[in-house]
Amino acid sequence: MSAWSSSSNIGDCLTHLHFLMKLGGEHSMWVKPEYIGQISEIAHGSNVTIHNVWERPENTTDFWRANGMLEHKGVYYRNDNDICGWLMDWFNHLGRHCGHPCPVYPDRQSMLWDSEVILNANVREVEYDVLIINSPPTSGQCPEYDHGELYELGLQLRQNGLYVVFAQWEGSTPYTLCELGKLSLGAKLIIESANGPCFLTHSVWNTAKDRITLLSPMYLDYGESGRHRHAANVAEATEHCQTLGYL
């Protein structure tokens, strides 16, 4: 069994969890205690067990991508704009470093979530118009993000007669990450802040969705076939809503 640990943000933990689930073999992952419940739900029944990072044994490997682990292999972390392209390169190198003979991710779409725990989440799947994942980014990936403006965009879409669901309401969310992943299946358009809560909505069941991601200058490209736009701020996201026919 391999043991991995990091006190990084939940988005980084989710990308590493996805990698370990694809890698095969048995693994333990040690994360911040406030993430254990959410990540354990996603990892349920898989090859990965989740534990408290502050109780990690000495033999764990730090999985934070900026730790220089693969620089001797020519893989450097430099805040690359093409997030998915860089992650695919990183994890394929890491897989070979772990003895995996083939690329863990042969293409971008193989990085999409396909775990059955999403489909089995305890939330009713309904069809509606817009899901807004309005959780503020935590790593400066969208400097012009404005929480209030995104909320106002949601109200504007509602006033246009659309059924809009907010992932976060008055600073808290009623949904787990798995529930949010399942809830997203019924939306026609996803407007997301690019951080942990959006990751499970990038699934094999959502590839044809309309999507607007608040992220700049970085971008997410999973090779999805839907109409995917990126916005540096809510004003640009509003313009995309108009272009896509939602306003």
# chains A, B, ... in the order shown; residues from 1 in each chain; ligands from 1
$ residues_around --residues "Asn47 (chain A)" --least-positions-apart "2" --cutoff "10 Å" --atoms "only C-alpha atoms" --output "PyMOL selection string"
chain A and resi 1+17+20-28+43-45+49
$ residues_around --residues "Leu119 (chain A)" --least-positions-apart "4" --cutoff "9 Å" --atoms "only C-alpha atoms" --output "PyMOL selection string"
chain A and resi 115+178-179+181-182
$ closest_residue --among "A:Asp82, A:Glu239, A:Asp129, A:Asp89" --to "Leu153 (chain A)" --atoms "only C-alpha atoms"
A:Glu239
$ residues_around --residues "Glu144 (chain A)" --least-positions-apart "3" --cutoff "10 Å" --atoms "only C-alpha atoms" --output "list in words"
Gly140, Gln141, His147, Leu214, Leu215, Ser216, Ala231, Ala232, Asn233, Val234 and Ala235 of chain A
$ closest_residue --among "A:Cys98, A:Val130, A:Leu177, A:Val31" --to "Gly196 (chain A)" --atoms "only C-alpha atoms"
A:Leu177
$ select_by_dssp --residues "region 42-152 of chain A" --states "helix (DSSP H, G or I)" --output "ChimeraX atom specification"
/A:42-43,53-55,65-67,71-73,83-97,108-111,116-119,147-152
$ closest_residue --among "A:Cys241, A:Cys13, A:Trp64, A:Trp205" --to "Gly154 (chain A)" --atoms "only C-alpha atoms"
A:Cys241
$ residues_around --residues "Val53 (chain A)" --least-positions-apart "5" --cutoff "12 Å" --atoms "only C-alpha atoms" --output "list of chain:residue names"
A:Ala3, A:Trp4, A:Ser5, A:Ser6, A:Ser7, A:Ser8, A:Cys13, A:Ser28, A:Met29, A:Trp30, A:Val31, A:Lys32, A:Pro33, A:Glu34, A:Tyr35, A:Ile36, A:Glu58, A:Thr60, A:Thr61, A:Asp62, A:Phe63
